[in-house]
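Student: So that we are looking at the same thing, I have put the structure below in C-alpha cells.
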Amino acid sequence: MYIYVTTPVVTKDKIGVFMRYCKNCGARIDDNSRFCHNCGGIIEEVKESTEEKRKLHQEPITDYEPVPKKIQGRKLSSILIISFIIITSIGIITPIVYFSTRSTQTYYYMGDLYYTYHSETTEIIELNLDMFQGDIRIKHDNSLSTLLSVTIEVYGQSQANITDAKSFSENMINNRTTISFAEDEFNYWDKTSIRHELYITINPAIAIEYNLKSFSSYIDISMIDTPNVEIRKLDIETFSGDIDVNLGAYTNITTNAAVSIYSSSGRINFFASNNLLVNSLNFTIETFSGDIEMQIGSYAEIITSTFKLKTSSGSIDFYSLHCLNFDSTSFIAETFSGDIEIVFEDNTDINLDDFTISSSSGHINFGIDHSSIFNASDLIITTFSDDIIVDFQEFVDIYLSDIALDSSSGSITVNCIGVTFYNNISWIIETFSGDIVLDLYPESIPLINHTATFDIDSSSGIIDISYLMSELDVGVEVTTDTTTGNIVLPNEQEYYKTANFDEKTIQYIYNIATFSGDITIRNE
C-alpha cells in the first residue's frame with residue numbers, strides 16, 4: 001500500500017477565487033481537508049512567504065488552458081446562428097407589430113366631404129387613386145346625373161382636423177380628364193393622421209380607365225346591375241387588402257395595356273355577367289397568399305396574349321358558363337400549395353398554344369363540358385403530392401399535340417367519354433406512388449391518319465386503362481413492364497398487339513410501366 005505525501009497548489013480561477021489543488025493528481029481539495037479525496041495523498045501544508053503571497057494576488061492568471069479553436073469556432077457559429085434568428089424574427093415581427101398597432105389606432109368619424117365632376121366634352125376619365133388605409137368602393141349607376149360623384153368619409157385620430165383631409169384633383173386635356181386622389185402614409189406617432197373612405201359613383205355613359213393602388217385597403221368595383229360599361233384600362237394593386245370586381249352584362253374591357261389585378265396577401269374575386277368582352281395585351285390576376293375565384297358568364301369572349309392566374313399558397317377556382325370564346329397564346333394557372341379547379345361549360349371554343357396548370361401540393365381538377373372545341377399545342381398539369389382529375393365530356397373535339405400529367409404521390413384520373421381526337425397526340429402520364437386510371441371512349445374515330453402514344457408510369461400504384469374502339473379500324477399495341485405486380489391484358493399476356501397492326505392508319509400505342517403495382521388494360 002502506497003501513501004502519497006503531496007503539497008497543495010493554491011491558485012486563482014478565471015473569476016479570481018482562490019482554489020486548492022492536489023499536486024499529485026490535480027484534484028480540487030477543500031480548504032480544511034488533510035487528505036486528497038481522489039488519490040488519498042496526505043496534504044502537507046507549505047507556508048508561503050509574504051512576497052510569494054503578494055505575487056499570487058497581483059500577477060495575472062496564466063495557468064489555465066486557452067479555449068480550443070474548434071470550440072471558439074462553434075461559439076462563433078452559434079453567435080452567427082443566433083444573430084440570424086434574431087434578425088429574421090425582427091423582420092417577421094416588425095410588420096406584424098406595425099399592422100397590429102396601426103389597426104389598434106383609434107380613428108373617430110369626423111364627417112363627409114363631397115366631390116362631383118361633369119363635363120359635356122369629356123369622353124374618357126382616367127381615375128388615379130393611391131390609398132394607404134382607406135377603402136375604395138366604386139359602382140356604376142345609370143341614374144347618375146353627373147359623370148362622377150364621390151362621398152369621402154373622413155376619420156381622424158385625436159388631434160386631427162377635417163380641414164386637413166385630402167381632396168380630388170382633375171386635369172382635362174382635349175376630351176380626356178384625369179381625376180386623382182392620394183392619401184398620406186400612416187404615421188404611428190402622428191395624432192393628426194386622417195383616413196379616407198371613398199364611395200365613388202360613375203356614370204356608365206363615360207369610358208373609364210382604372211389605376212387603383214392601395215397599401216392595406218379593400219377595393220370593390222361593382223357594376224353587376226349596370227350593363228354596357230366600357231373599361232379602357234384595369235390596373236388594380238393592393239398590398240394586404242381584398243379585391244372584388246363584379247362586372248355587369250355586356251362589359252367591354254378593351255385596352256392596349258395589360259389587365260392586372262394584384263394583391264400581396266388578400267383574396268381576389270372576379271365575376272362577370274353575360275357577354276363580357278376582354279381584348280387586352282395580357283390578363284393577370286395574382287395574389288401571394290390569398291385565394292383567386294373567377295367566374296365568367298355566358299357568351300363571353302376573351303382575347304389576350306397571356307392569361308394568368310397565380311397565387312403562392314391560396315386556391316384557384318375558374319368557372320366559365322357556356323359559349324365562351326377563348327383566344328390566347330397561353331393559359332396559366334399556378335399555385336404553390338392550394339387546390340386548382342378549372343371548368344369550361346358546354347359549347348366553349350378554346351384556341352391557344354400552351355395550357356399549363358400547376359400546384360406543388362394541391363388537388364387539380366380540369367374539365368371541359370360537352371360540345372366544345374379544345375385546340376392547343378400542349379396541355380401540362382403537374383402537382384407534387386395530390387390528385388389530378390381530367391374530364392373531357394361527350395362531343396368535345398380535341399386538337400392537342402402533347403398532354404403531360406404528372407403527380408409525385410397523388411393519383412391521376414382521365415375521363416375521355418365521347419370525345420374525338422384529331423391530331424397525332426402524345427400522352428405522358430406519371431406518378432410516383434399514386435394510381436392511374438384512364439377511360440378512353442371516343443365518340444368517333446375521324447377518317448384521317450393519326451397516332452396516339454401513351455407513356456404511362458407509376459412506381460408503386462396500379463394502372464387501369466379502359467378503351468372502347470373497334471380494332472378492325474384501329475390498331476392497338478400494348479407493352480408492359482412491372483417488377484412485382486400482376487398484368488392483365490386482352491390476350492392475358494404481357495404484350496398485346498392487334499392483328500395487322502402495321503397496316504392500320506390509326507394506331508393507339510401504350511407503353512406502361514410500374515414497379516410494384518398491377519396493370520390492367522381492357523377493350524370494353
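Letters for chains follow the order of the C-alpha cells (A, B, ...), residue numbers begin at 1 for each chain, and ligand numbers begin at 1 in the order shown.
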Compile the contact shell of stretch 319-336 of chain A as a PyMOL selection string: residues with an atom at most 7 Å away, counting only C-alpha atoms, same-chain residues fewer than 4 positions apart removed.

Tutor: chain A and resi 294-315+342-361

Student: Can I get the selection written as a short mmCIF file (atom, residue, chain, number, x, y, z; two decimals), in the first residue's frame, with N, CA and C atoms?

Tutor:
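Output (result01.cif):
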```cif
data_model
loop_
_atom_site.label_atom_id
_atom_site.label_comp_id
_atom_site.auth_asym_id
_atom_site.auth_seq_id
_atom_site.Cartn_x
_atom_site.Cartn_y
_atom_site.Cartn_z
N MET A 294 -62.67 33.15 -60.04
CA MET A 294 -63.06 33.85 -61.26
C MET A 294 -64.21 33.11 -61.93
N GLN A 295 -65.28 33.84 -62.23
CA GLN A 295 -66.43 33.24 -62.90
C GLN A 295 -66.84 34.14 -64.06
N ILE A 296 -66.98 33.51 -65.23
CA ILE A 296 -67.32 34.22 -66.46
C ILE A 296 -68.71 33.77 -66.91
N GLY A 297 -69.58 34.73 -67.23
CA GLY A 297 -70.93 34.40 -67.67
C GLY A 297 -70.97 33.88 -69.10
N SER A 298 -72.15 33.60 -69.55
CA SER A 298 -72.36 33.02 -70.88
C SER A 298 -72.02 34.02 -71.99
N TYR A 299 -71.67 33.46 -73.15
CA TYR A 299 -71.43 34.22 -74.38
C TYR A 299 -70.32 35.27 -74.20
N ALA A 300 -69.30 34.91 -73.44
CA ALA A 300 -68.17 35.82 -73.23
C ALA A 300 -67.10 35.59 -74.29
N GLU A 301 -66.27 36.58 -74.47
CA GLU A 301 -65.14 36.47 -75.41
C GLU A 301 -63.90 37.06 -74.75
N ILE A 302 -62.84 36.26 -74.68
CA ILE A 302 -61.58 36.71 -74.08
C ILE A 302 -60.48 36.55 -75.12
N ILE A 303 -59.88 37.68 -75.48
CA ILE A 303 -58.80 37.69 -76.46
C ILE A 303 -57.61 38.37 -75.80
N THR A 304 -56.56 37.62 -75.57
CA THR A 304 -55.39 38.17 -74.90
C THR A 304 -54.18 37.32 -75.23
N SER A 305 -52.99 37.89 -75.06
CA SER A 305 -51.78 37.14 -75.35
C SER A 305 -51.52 36.09 -74.29
N THR A 306 -51.47 36.51 -73.02
CA THR A 306 -51.22 35.59 -71.92
C THR A 306 -52.31 35.76 -70.87
N PHE A 307 -52.92 34.67 -70.48
CA PHE A 307 -53.95 34.67 -69.44
C PHE A 307 -53.37 33.93 -68.25
N LYS A 308 -53.28 34.63 -67.09
CA LYS A 308 -52.54 34.05 -65.95
C LYS A 308 -53.29 34.25 -64.65
N LEU A 309 -53.46 33.16 -63.90
CA LEU A 309 -54.00 33.18 -62.55
C LEU A 309 -52.94 32.56 -61.65
N LYS A 310 -52.45 33.32 -60.64
CA LYS A 310 -51.35 32.82 -59.84
C LYS A 310 -51.51 33.23 -58.38
N THR A 311 -51.29 32.26 -57.48
CA THR A 311 -51.22 32.52 -56.06
C THR A 311 -50.22 31.56 -55.44
N SER A 312 -49.48 32.02 -54.43
CA SER A 312 -48.44 31.17 -53.85
C SER A 312 -49.02 30.08 -52.96
N SER A 313 -49.99 30.43 -52.11
CA SER A 313 -50.49 29.42 -51.17
C SER A 313 -52.01 29.34 -51.13
N GLY A 314 -52.70 30.09 -51.96
CA GLY A 314 -54.16 30.02 -51.99
C GLY A 314 -54.66 29.08 -53.06
N SER A 315 -55.98 28.96 -53.12
CA SER A 315 -56.63 28.11 -54.13
C SER A 315 -57.06 28.96 -55.33
N ILE A 342 -60.42 24.17 -62.72
CA ILE A 342 -60.66 24.89 -63.97
C ILE A 342 -61.75 24.14 -64.72
N VAL A 343 -62.88 24.80 -64.94
CA VAL A 343 -64.01 24.14 -65.61
C VAL A 343 -64.57 25.07 -66.68
N PHE A 344 -64.67 24.54 -67.91
CA PHE A 344 -65.32 25.24 -69.02
C PHE A 344 -66.63 24.51 -69.32
N GLU A 345 -67.72 25.26 -69.27
CA GLU A 345 -69.01 24.64 -69.58
C GLU A 345 -69.15 24.40 -71.08
N ASP A 346 -70.33 23.92 -71.46
CA ASP A 346 -70.56 23.44 -72.83
C ASP A 346 -70.43 24.55 -73.86
N ASN A 347 -70.19 24.12 -75.10
CA ASN A 347 -70.09 25.00 -76.27
C ASN A 347 -68.98 26.06 -76.11
N THR A 348 -67.91 25.65 -75.50
CA THR A 348 -66.75 26.53 -75.35
C THR A 348 -65.79 26.29 -76.51
N ASP A 349 -65.21 27.37 -76.99
CA ASP A 349 -64.24 27.30 -78.08
C ASP A 349 -62.91 27.85 -77.56
N ILE A 350 -61.92 26.95 -77.34
CA ILE A 350 -60.63 27.34 -76.78
C ILE A 350 -59.56 27.20 -77.84
N ASN A 351 -58.86 28.30 -78.10
CA ASN A 351 -57.77 28.30 -79.08
C ASN A 351 -56.54 28.96 -78.46
N LEU A 352 -55.48 28.19 -78.28
CA LEU A 352 -54.24 28.72 -77.72
C LEU A 352 -53.08 27.78 -78.02
N ASP A 353 -51.89 28.18 -77.59
CA ASP A 353 -50.71 27.33 -77.77
C ASP A 353 -50.49 26.42 -76.57
N ASP A 354 -50.35 27.02 -75.39
CA ASP A 354 -49.99 26.25 -74.20
C ASP A 354 -51.04 26.44 -73.10
N PHE A 355 -51.41 25.34 -72.49
CA PHE A 355 -52.33 25.36 -71.36
C PHE A 355 -51.63 24.67 -70.20
N THR A 356 -51.30 25.45 -69.14
CA THR A 356 -50.50 24.93 -68.04
C THR A 356 -51.21 25.12 -66.72
N ILE A 357 -51.30 24.04 -65.94
CA ILE A 357 -51.89 24.08 -64.60
C ILE A 357 -50.90 23.41 -63.66
N SER A 358 -50.50 24.10 -62.58
CA SER A 358 -49.51 23.51 -61.68
C SER A 358 -49.79 23.90 -60.24
N SER A 359 -49.59 22.92 -59.34
CA SER A 359 -49.68 23.14 -57.90
C SER A 359 -48.67 22.23 -57.23
N SER A 360 -47.92 22.76 -56.27
CA SER A 360 -46.89 21.93 -55.63
C SER A 360 -47.52 20.83 -54.79
N SER A 361 -48.60 21.15 -54.07
CA SER A 361 -49.16 20.12 -53.20
C SER A 361 -50.69 20.09 -53.20
#
```

Student: Which residues, written as an MDAnalysis selection string, have at least one atom at most 7 Å from A:Ser407, with only C-alpha atoms counted and residues fewer than 3 positions away on the same chain left out?

Tutor: chainID A and resid 382:387 410 430:432

Student: Just the selected residues (C-alpha atoms), exported as a PDB file, in the first residue's frame, please.

Tutor:
```pdb
ATOM      1  CA  THR A 382     -48.497  18.947 -62.542  1.00  0.00           C
ATOM      2  CA  THR A 383     -48.865  18.611 -58.787  1.00  0.00           C
ATOM      3  CA  PHE A 384     -46.401  17.324 -56.238  1.00  0.00           C
ATOM      4  CA  SER A 385     -48.451  15.397 -53.718  1.00  0.00           C
ATOM      5  CA  ASP A 386     -52.144  15.467 -54.597  1.00  0.00           C
ATOM      6  CA  ASP A 387     -54.533  14.082 -57.205  1.00  0.00           C
ATOM      7  CA  GLY A 410     -51.172  11.536 -55.977  1.00  0.00           C
ATOM      8  CA  GLU A 430     -46.585   9.770 -64.479  1.00  0.00           C
ATOM      9  CA  THR A 431     -46.999   9.403 -60.735  1.00  0.00           C
ATOM     10  CA  PHE A 432     -44.623   8.075 -58.108  1.00  0.00           C
TER      11      PHE A 432
END
```

Student: Kindly indicate which residue among A:Asn365, A:Asn275, A:Thr520, A:Asn203 lies nearest to A:Thr146, using only C-alpha atoms for the distances.

Tutor: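 Ranking A:Asn365, A:Asn275, A:Thr520, A:Asn203 by distance to A:Thr146, first place goes to A:Asn203.
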
Student: In terms of the shortest atom-to-atom distance over only C-alpha atoms, which of A:Ser167, A:Ser180, A:Ser216, A:Ser371 is closest to A:Gly241?

Tutor: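 Of the candidates, the smallest distance to A:Gly241 is held by A:Ser216.
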
Student: To one decimal place, how far is atom CA of A:Asp317 from atom CA of A:Asp391 in Å?

Tutor: 15.8 Å

Student: Name the closest residue to A:Glu492 among the candidates A:Thr505, A:Ser516, A:Asn38, A:Thr480; distances are taken between atoms, counting only C-alpha atoms.

Tutor: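 The shortest atom-to-atom distance to A:Glu492 comes from A:Thr480.
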
Student: What's the 10 Å shell around A:Ile253, counting only C-alpha atoms, without same-chain residues fewer than 3 positions away, as a list in words?

Tutor: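 Listed by chain and then number, they are Ala207, Ile208, Glu209, Val229, Glu230, Ile231, Arg232, Lys233, Leu234, Tyr250, Val259, Leu276, Leu277, Val278, Asn279, Ser280 and Ile302 of chain A.
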
Student: Write the residues of the preceding selection, restricted to C-alpha atoms, as an mmCIF file, in the first residue's frame.

Tutor:
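File produced: part_27.cif:
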```
data_model
loop_
_atom_site.group_PDB
_atom_site.id
_atom_site.type_symbol
_atom_site.label_atom_id
_atom_site.label_comp_id
_atom_site.auth_asym_id
_atom_site.auth_seq_id
_atom_site.Cartn_x
_atom_site.Cartn_y
_atom_site.Cartn_z
ATOM 1 C CA ALA A 207 -65.371 55.300 -70.720
ATOM 2 C CA ILE A 208 -63.175 54.696 -67.680
ATOM 3 C CA GLU A 209 -59.520 53.881 -67.038
ATOM 4 C CA VAL A 229 -69.801 49.661 -69.246
ATOM 5 C CA GLU A 230 -66.674 50.475 -71.247
ATOM 6 C CA ILE A 231 -63.344 49.982 -69.453
ATOM 7 C CA ARG A 232 -60.221 51.175 -71.270
ATOM 8 C CA LYS A 233 -57.775 50.137 -68.547
ATOM 9 C CA LEU A 234 -57.956 47.925 -65.466
ATOM 10 C CA TYR A 250 -72.003 43.481 -71.993
ATOM 11 C CA VAL A 259 -55.300 43.873 -67.381
ATOM 12 C CA LEU A 276 -68.223 40.004 -71.368
ATOM 13 C CA LEU A 277 -65.624 41.173 -73.892
ATOM 14 C CA VAL A 278 -61.937 41.280 -72.916
ATOM 15 C CA ASN A 279 -59.426 42.364 -75.543
ATOM 16 C CA SER A 280 -56.082 43.168 -73.916
ATOM 17 C CA ILE A 302 -61.584 36.709 -74.079
#
```

Student: Measure the distance from atom CA of A:Met172 to atom CA of A:Asn142 in Å and round it to one decimal.

Tutor: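 It comes out at 23.1 Å.
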
Student: Just want the 8 Å neighbourhood of A:Gly485, counted on only C-alpha atoms, with same-chain residues fewer than 4 positions away dropped. Output as a list in words.

Tutor: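 The residues that qualify are Thr514, Phe515, Ser516, Gly517, Asp518 and Ile519 of chain A.
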
Student: Mind the document's chain letters and residue numbers, and return as an NGL selection string the residues of stretch 452-482 of chain A that DSSP labels strand (DSSP E).

Tutor: :A and (452-458 or 463-467 or 474-482)

Student: Of the residues A:Ile506, A:Glu494, A:Ile368, A:Asp439, which is the one nearest to A:Ile425, using only C-alpha atoms?

Tutor: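 Nearest to A:Ile425: A:Ile506.
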
Student: In Å to one decimal, how far is atom CA of A:Asn269 from atom CA of A:Ile236?

Tutor: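 Separation between atom CA of A:Ile236 and atom CA of A:Asn269: 12.4 Å.
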
Student: Excluding A:Asn523 and its own-chain neighbours fewer than 5 positions away, which residues fall within 8 Å of it when counting only C-alpha atoms? Please give them as a ChimeraX atom specification.

Tutor: /A:466-469,490

Student: Store the residues picked out above in a file with C-alpha atoms, as a tab-separated table (two decimals), in the first residue's frame.

Tutor:
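The resulting file, out_25.tsv, is shown below:
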```tsv
chain	number	residue	atom	x	y	z
A	466	SER	CA	-60.23	1.02	-70.44
A	467	TYR	CA	-60.80	1.79	-74.11
A	468	LEU	CA	-63.74	1.28	-76.41
A	469	MET	CA	-62.98	1.12	-80.13
A	490	PRO	CA	-56.91	-8.62	-73.53
```

Student: Within 8 Å of stretch 447-454 of chain A, counting only C-alpha atoms, which residues qualify if same-chain residues fewer than 4 places away don't, as a list in words?

Tutor: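 Those residues are Tyr422, Asn423, Asn424, Ile425, Ser426, Trp427, Ile428, Ile429, Thr505, Ile506, Gln507, Tyr508, Ile509, Tyr510, Asn511 and Ile512 of chain A.
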
Student: Looking at A:Glu471, A:Asp455, A:Asp339, A:Glu170, which one is nearest to A:Leu127, with distances taken over only C-alpha atoms?

Tutor: A:Glu170
